[in-house]
Each structure stands twice: as C-alpha cells, then as structure tokens.
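Here is data.pdb, consisting of PDB, N, CA and C atoms:
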ATOM      1  N   TYR A   7     -37.447  -5.499  20.987
ATOM      2  CA  TYR A   7     -37.029  -5.235  22.356
ATOM      3  C   TYR A   7     -36.026  -4.089  22.441
ATOM      4  N   GLU A   8     -35.281  -3.881  21.391
ATOM      5  CA  GLU A   8     -34.209  -2.887  21.438
ATOM      6  C   GLU A   8     -34.694  -1.478  21.782
ATOM      7  N   PRO A   9     -35.758  -0.949  21.152
ATOM      8  CA  PRO A   9     -36.188   0.408  21.513
ATOM      9  C   PRO A   9     -36.516   0.547  22.999
ATOM     10  N   PHE A  10     -37.131  -0.481  23.572
ATOM     11  CA  PHE A  10     -37.456  -0.444  24.997
ATOM     12  C   PHE A  10     -36.182  -0.404  25.836
ATOM     13  N   LEU A  11     -35.204  -1.246  25.492
ATOM     14  CA  LEU A  11     -33.958  -1.297  26.264
ATOM     15  C   LEU A  11     -33.191   0.014  26.168
ATOM     16  N   ILE A  12     -33.211   0.638  25.004
ATOM     17  CA  ILE A  12     -32.562   1.944  24.851
ATOM     18  C   ILE A  12     -33.304   2.992  25.672
ATOM     19  N   GLN A  13     -34.621   2.983  25.584
ATOM     20  CA  GLN A  13     -35.443   3.954  26.318
ATOM     21  C   GLN A  13     -35.244   3.822  27.825
ATOM     22  N   GLU A  14     -35.118   2.608  28.308
ATOM     23  CA  GLU A  14     -34.933   2.369  29.740
ATOM     24  C   GLU A  14     -33.489   2.572  30.191
ATOM     25  N   GLY A  15     -32.566   2.732  29.251
ATOM     26  CA  GLY A  15     -31.183   3.015  29.612
ATOM     27  C   GLY A  15     -30.295   1.797  29.774
ATOM     28  N   TYR A  16     -30.756   0.637  29.300
ATOM     29  CA  TYR A  16     -29.958  -0.582  29.447
ATOM     30  C   TYR A  16     -28.911  -0.732  28.347
ATOM     31  N   ILE A  17     -29.186  -0.211  27.166
ATOM     32  CA  ILE A  17     -28.197  -0.230  26.092
ATOM     33  C   ILE A  17     -28.152   1.145  25.448
ATOM     34  N   LYS A  18     -27.033   1.427  24.784
ATOM     35  CA  LYS A  18     -26.911   2.696  24.074
ATOM     36  C   LYS A  18     -26.320   2.434  22.698
ATOM     37  N   ARG A  19     -26.676   3.297  21.769
ATOM     38  CA  ARG A  19     -26.148   3.199  20.413
ATOM     39  C   ARG A  19     -24.782   3.868  20.375
ATOM     40  N   THR A  20     -23.836   3.207  19.744
ATOM     41  CA  THR A  20     -22.510   3.790  19.543
ATOM     42  C   THR A  20     -22.144   3.634  18.075
ATOM     43  N   SER A  21     -21.049   4.236  17.674
ATOM     44  CA  SER A  21     -20.605   4.106  16.287
ATOM     45  C   SER A  21     -20.180   2.677  15.968
ATOM     46  N   ARG A  22     -19.871   1.894  16.997
ATOM     47  CA  ARG A  22     -19.458   0.495  16.803
ATOM     48  C   ARG A  22     -20.610  -0.487  16.989
ATOM     49  N   GLY A  23     -21.805  -0.002  17.218
ATOM     50  CA  GLY A  23     -22.962  -0.874  17.423
ATOM     51  C   GLY A  23     -23.664  -0.538  18.721
ATOM     52  N   ARG A  24     -24.171  -1.548  19.398
ATOM     53  CA  ARG A  24     -24.878  -1.346  20.664
ATOM     54  C   ARG A  24     -23.979  -1.736  21.820
ATOM     55  N   GLU A  25     -24.119  -1.015  22.922
ATOM     56  CA  GLU A  25     -23.282  -1.263  24.094
ATOM     57  C   GLU A  25     -24.152  -1.274  25.340
ATOM     58  N   ALA A  26     -23.931  -2.267  26.198
ATOM     59  CA  ALA A  26     -24.665  -2.329  27.461
ATOM     60  C   ALA A  26     -24.173  -1.218  28.385
ATOM     61  N   THR A  27     -25.081  -0.628  29.139
ATOM     62  CA  THR A  27     -24.726   0.450  30.059
ATOM     63  C   THR A  27     -24.466  -0.111  31.458
ATOM     64  N   GLU A  28     -24.001   0.751  32.324
ATOM     65  CA  GLU A  28     -23.757   0.371  33.720
ATOM     66  C   GLU A  28     -25.046  -0.127  34.374
ATOM     67  N   ILE A  29     -26.175   0.475  34.015
ATOM     68  CA  ILE A  29     -27.477   0.051  34.552
ATOM     69  C   ILE A  29     -27.741  -1.414  34.222
ATOM     70  N   ALA A  30     -27.428  -1.823  33.001
ATOM     71  CA  ALA A  30     -27.645  -3.215  32.584
ATOM     72  C   ALA A  30     -26.778  -4.167  33.395
ATOM     73  N   TYR A  31     -25.512  -3.825  33.576
ATOM     74  CA  TYR A  31     -24.621  -4.702  34.345
ATOM     75  C   TYR A  31     -25.073  -4.815  35.799
ATOM     76  N   LYS A  32     -25.530  -3.713  36.384
ATOM     77  CA  LYS A  32     -26.023  -3.765  37.763
ATOM     78  C   LYS A  32     -27.287  -4.616  37.858
ATOM     79  N   HIS A  33     -28.180  -4.478  36.880
ATOM     80  CA  HIS A  33     -29.422  -5.256  36.877
ATOM     81  C   HIS A  33     -29.136  -6.754  36.752
ATOM     82  N   LEU A  34     -28.173  -7.102  35.916
ATOM     83  CA  LEU A  34     -27.820  -8.509  35.706
ATOM     84  C   LEU A  34     -26.873  -9.049  36.773
ATOM     85  N   LYS A  35     -26.379  -8.143  37.631
ATOM     86  CA  LYS A  35     -25.459  -8.505  38.716
ATOM     87  C   LYS A  35     -24.207  -9.216  38.198
ATOM     88  N   ILE A  36     -23.643  -8.645  37.129
ATOM     89  CA  ILE A  36     -22.382  -9.158  36.596
ATOM     90  C   ILE A  36     -21.391  -8.005  36.499
ATOM     91  N   PRO A  37     -20.099  -8.293  36.636
ATOM     92  CA  PRO A  37     -19.114  -7.213  36.546
ATOM     93  C   PRO A  37     -18.969  -6.715  35.111
ATOM     94  N   ARG A  38     -18.745  -5.427  34.995
ATOM     95  CA  ARG A  38     -18.521  -4.840  33.674
ATOM     96  C   ARG A  38     -17.124  -5.229  33.196
ATOM     97  N   PRO A  39     -16.991  -5.665  31.942
ATOM     98  CA  PRO A  39     -15.658  -6.031  31.457
ATOM     99  C   PRO A  39     -14.739  -4.817  31.401
ATOM    100  N   LYS A  40     -13.475  -5.060  31.602
ATOM    101  CA  LYS A  40     -12.498  -3.972  31.539
ATOM    102  C   LYS A  40     -12.369  -3.516  30.088
ATOM    103  N   THR A  41     -12.388  -2.208  29.883
ATOM    104  CA  THR A  41     -12.219  -1.689  28.530
ATOM    105  C   THR A  41     -10.736  -1.561  28.231
ATOM    106  N   GLN A  42     -10.373  -1.868  27.018
ATOM    107  CA  GLN A  42      -8.980  -1.761  26.621
ATOM    108  C   GLN A  42      -8.770  -0.447  25.898
ATOM    109  N   GLY A  43      -7.631   0.161  26.174
ATOM    110  CA  GLY A  43      -7.278   1.393  25.504
ATOM    111  C   GLY A  43      -6.729   1.118  24.114
ATOM    112  N   LEU A  44      -6.359   2.143  23.438
ATOM    113  CA  LEU A  44      -5.861   2.037  22.074
ATOM    114  C   LEU A  44      -4.603   1.186  21.986
ATOM    115  N   PHE A  45      -3.719   1.293  22.984
ATOM    116  CA  PHE A  45      -2.436   0.600  22.920
ATOM    117  C   PHE A  45      -2.325  -0.575  23.879
ATOM    118  N   ASP A  46      -3.441  -1.046  24.426
ATOM    119  CA  ASP A  46      -3.418  -2.199  25.341
ATOM    120  C   ASP A  46      -3.503  -3.505  24.587
TER     121      ASP A  46
END

Show this structure as structure tokens.
Amino acid sequence: YEPFLIQEGYIKRTSRGREATEIAYKHLKIPRPKTQGLFD
C-alpha cells in the first residue's frame, strides 16, 4: 500500500521514516498534531 499512498500524496518519505501529509489529515478529518521545535 505504501507506494500508492506516496504516489497519491498521503505520505512522504523523510530521513526519520514516513510522515503523513496535510492531504492525509484532511482526508481522515483529524487535526494535524503540533510539531515540536528543537528546544520545545
């Protein structure tokens, strides 16, 4: 399923693994978690 989700823009590859995109959160109708900065 992963290649399809990446192709459709629901997840993206990062150096830390896979990350859900804004499109995925909107589709699932859930709020995106707040990201923490380096010193938070």

Range 11-14 of chain A, all listed atoms, 5 Å padding on each side: what axis-aligned box centre and edge lengths in Å to one decimal come out, as JSON?
{"center_x": -34.0, "center_y": 1.3, "center_z": 27.5, "size_x": 12.9, "size_y": 15.3, "size_z": 15.3}

Got a sec to resolve the PyMOL selection byres (((chain A and resi 29 and name CA) around 12) and name CA) on this structure and send the residues as a PDB file with N, CA and C atoms, in the coordinates of the input?
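Here's the written file selection_39.pdb:
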ATOM      1  N   LEU A  11     -35.204  -1.246  25.492  1.00  0.00           N
ATOM      2  CA  LEU A  11     -33.958  -1.297  26.264  1.00  0.00           C
ATOM      3  C   LEU A  11     -33.191   0.014  26.168  1.00  0.00           C
ATOM      4  N   ILE A  12     -33.211   0.638  25.004  1.00  0.00           N
ATOM      5  CA  ILE A  12     -32.562   1.944  24.851  1.00  0.00           C
ATOM      6  C   ILE A  12     -33.304   2.992  25.672  1.00  0.00           C
ATOM      7  N   GLU A  14     -35.118   2.608  28.308  1.00  0.00           N
ATOM      8  CA  GLU A  14     -34.933   2.369  29.740  1.00  0.00           C
ATOM      9  C   GLU A  14     -33.489   2.572  30.191  1.00  0.00           C
ATOM     10  N   GLY A  15     -32.566   2.732  29.251  1.00  0.00           N
ATOM     11  CA  GLY A  15     -31.183   3.015  29.612  1.00  0.00           C
ATOM     12  C   GLY A  15     -30.295   1.797  29.774  1.00  0.00           C
ATOM     13  N   TYR A  16     -30.756   0.637  29.300  1.00  0.00           N
ATOM     14  CA  TYR A  16     -29.958  -0.582  29.447  1.00  0.00           C
ATOM     15  C   TYR A  16     -28.911  -0.732  28.347  1.00  0.00           C
ATOM     16  N   ILE A  17     -29.186  -0.211  27.166  1.00  0.00           N
ATOM     17  CA  ILE A  17     -28.197  -0.230  26.092  1.00  0.00           C
ATOM     18  C   ILE A  17     -28.152   1.145  25.448  1.00  0.00           C
ATOM     19  N   LYS A  18     -27.033   1.427  24.784  1.00  0.00           N
ATOM     20  CA  LYS A  18     -26.911   2.696  24.074  1.00  0.00           C
ATOM     21  C   LYS A  18     -26.320   2.434  22.698  1.00  0.00           C
ATOM     22  N   GLU A  25     -24.119  -1.015  22.922  1.00  0.00           N
ATOM     23  CA  GLU A  25     -23.282  -1.263  24.094  1.00  0.00           C
ATOM     24  C   GLU A  25     -24.152  -1.274  25.340  1.00  0.00           C
ATOM     25  N   ALA A  26     -23.931  -2.267  26.198  1.00  0.00           N
ATOM     26  CA  ALA A  26     -24.665  -2.329  27.461  1.00  0.00           C
ATOM     27  C   ALA A  26     -24.173  -1.218  28.385  1.00  0.00           C
ATOM     28  N   THR A  27     -25.081  -0.628  29.139  1.00  0.00           N
ATOM     29  CA  THR A  27     -24.726   0.450  30.059  1.00  0.00           C
ATOM     30  C   THR A  27     -24.466  -0.111  31.458  1.00  0.00           C
ATOM     31  N   GLU A  28     -24.001   0.751  32.324  1.00  0.00           N
ATOM     32  CA  GLU A  28     -23.757   0.371  33.720  1.00  0.00           C
ATOM     33  C   GLU A  28     -25.046  -0.127  34.374  1.00  0.00           C
ATOM     34  N   ALA A  30     -27.428  -1.823  33.001  1.00  0.00           N
ATOM     35  CA  ALA A  30     -27.645  -3.215  32.584  1.00  0.00           C
ATOM     36  C   ALA A  30     -26.778  -4.167  33.395  1.00  0.00           C
ATOM     37  N   TYR A  31     -25.512  -3.825  33.576  1.00  0.00           N
ATOM     38  CA  TYR A  31     -24.621  -4.702  34.345  1.00  0.00           C
ATOM     39  C   TYR A  31     -25.073  -4.815  35.799  1.00  0.00           C
ATOM     40  N   LYS A  32     -25.530  -3.713  36.384  1.00  0.00           N
ATOM     41  CA  LYS A  32     -26.023  -3.765  37.763  1.00  0.00           C
ATOM     42  C   LYS A  32     -27.287  -4.616  37.858  1.00  0.00           C
ATOM     43  N   HIS A  33     -28.180  -4.478  36.880  1.00  0.00           N
ATOM     44  CA  HIS A  33     -29.422  -5.256  36.877  1.00  0.00           C
ATOM     45  C   HIS A  33     -29.136  -6.754  36.752  1.00  0.00           C
ATOM     46  N   LEU A  34     -28.173  -7.102  35.916  1.00  0.00           N
ATOM     47  CA  LEU A  34     -27.820  -8.509  35.706  1.00  0.00           C
ATOM     48  C   LEU A  34     -26.873  -9.049  36.773  1.00  0.00           C
ATOM     49  N   LYS A  35     -26.379  -8.143  37.631  1.00  0.00           N
ATOM     50  CA  LYS A  35     -25.459  -8.505  38.716  1.00  0.00           C
ATOM     51  C   LYS A  35     -24.207  -9.216  38.198  1.00  0.00           C
ATOM     52  N   ILE A  36     -23.643  -8.645  37.129  1.00  0.00           N
ATOM     53  CA  ILE A  36     -22.382  -9.158  36.596  1.00  0.00           C
ATOM     54  C   ILE A  36     -21.391  -8.005  36.499  1.00  0.00           C
ATOM     55  N   PRO A  37     -20.099  -8.293  36.636  1.00  0.00           N
ATOM     56  CA  PRO A  37     -19.114  -7.213  36.546  1.00  0.00           C
ATOM     57  C   PRO A  37     -18.969  -6.715  35.111  1.00  0.00           C
ATOM     58  N   ARG A  38     -18.745  -5.427  34.995  1.00  0.00           N
ATOM     59  CA  ARG A  38     -18.521  -4.840  33.674  1.00  0.00           C
ATOM     60  C   ARG A  38     -17.124  -5.229  33.196  1.00  0.00           C
TER      61      ARG A  38
END

**OP:** Please measure the separation of CA of Gln13 in chain A and atom C of Lys40 in chain A, giving the value in Å to one decimal.
**Re:** 24.5 Å

**OP:** List every residue of chain A that DSSP, applied to the backbone, labels as strand (DSSP E), and write the result as an NGL selection string.
**Re:** :A and (17-20 or 23-26)

Original post:
By how many Å are CA of Tyr7 in chain A and CA of Thr41 in chain A apart?
Top reply: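 Result for CA of Tyr7 in chain A versus CA of Thr41 in chain A: 25.8 Å, one decimal.
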
Out of chain A, which residues get helix (DSSP H, G or I) from DSSP, as a short mmCIF file (atom, residue, chain, number, x, y, z; two decimals) with N, CA and C atoms, in the coordinates of the input?
data_model
loop_
_atom_site.label_atom_id
_atom_site.label_comp_id
_atom_site.auth_asym_id
_atom_site.auth_seq_id
_atom_site.Cartn_x
_atom_site.Cartn_y
_atom_site.Cartn_z
N GLU A 8 -35.28 -3.88 21.39
CA GLU A 8 -34.21 -2.89 21.44
C GLU A 8 -34.69 -1.48 21.78
N PRO A 9 -35.76 -0.95 21.15
CA PRO A 9 -36.19 0.41 21.51
C PRO A 9 -36.52 0.55 23.00
N PHE A 10 -37.13 -0.48 23.57
CA PHE A 10 -37.46 -0.44 25.00
C PHE A 10 -36.18 -0.40 25.84
N LEU A 11 -35.20 -1.25 25.49
CA LEU A 11 -33.96 -1.30 26.26
C LEU A 11 -33.19 0.01 26.17
N ILE A 12 -33.21 0.64 25.00
CA ILE A 12 -32.56 1.94 24.85
C ILE A 12 -33.30 2.99 25.67
N GLN A 13 -34.62 2.98 25.58
CA GLN A 13 -35.44 3.95 26.32
C GLN A 13 -35.24 3.82 27.82
N GLU A 14 -35.12 2.61 28.31
CA GLU A 14 -34.93 2.37 29.74
C GLU A 14 -33.49 2.57 30.19
N GLU A 28 -24.00 0.75 32.32
CA GLU A 28 -23.76 0.37 33.72
C GLU A 28 -25.05 -0.13 34.37
N ILE A 29 -26.18 0.48 34.02
CA ILE A 29 -27.48 0.05 34.55
C ILE A 29 -27.74 -1.41 34.22
N ALA A 30 -27.43 -1.82 33.00
CA ALA A 30 -27.64 -3.22 32.58
C ALA A 30 -26.78 -4.17 33.40
N TYR A 31 -25.51 -3.82 33.58
CA TYR A 31 -24.62 -4.70 34.34
C TYR A 31 -25.07 -4.82 35.80
N LYS A 32 -25.53 -3.71 36.38
CA LYS A 32 -26.02 -3.76 37.76
C LYS A 32 -27.29 -4.62 37.86
N HIS A 33 -28.18 -4.48 36.88
CA HIS A 33 -29.42 -5.26 36.88
C HIS A 33 -29.14 -6.75 36.75
N LEU A 34 -28.17 -7.10 35.92
CA LEU A 34 -27.82 -8.51 35.71
C LEU A 34 -26.87 -9.05 36.77
#

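When atom N of Arg24 in chain A is paired with CA of Glu8 in chain A, their separation reads 10.3 Å.
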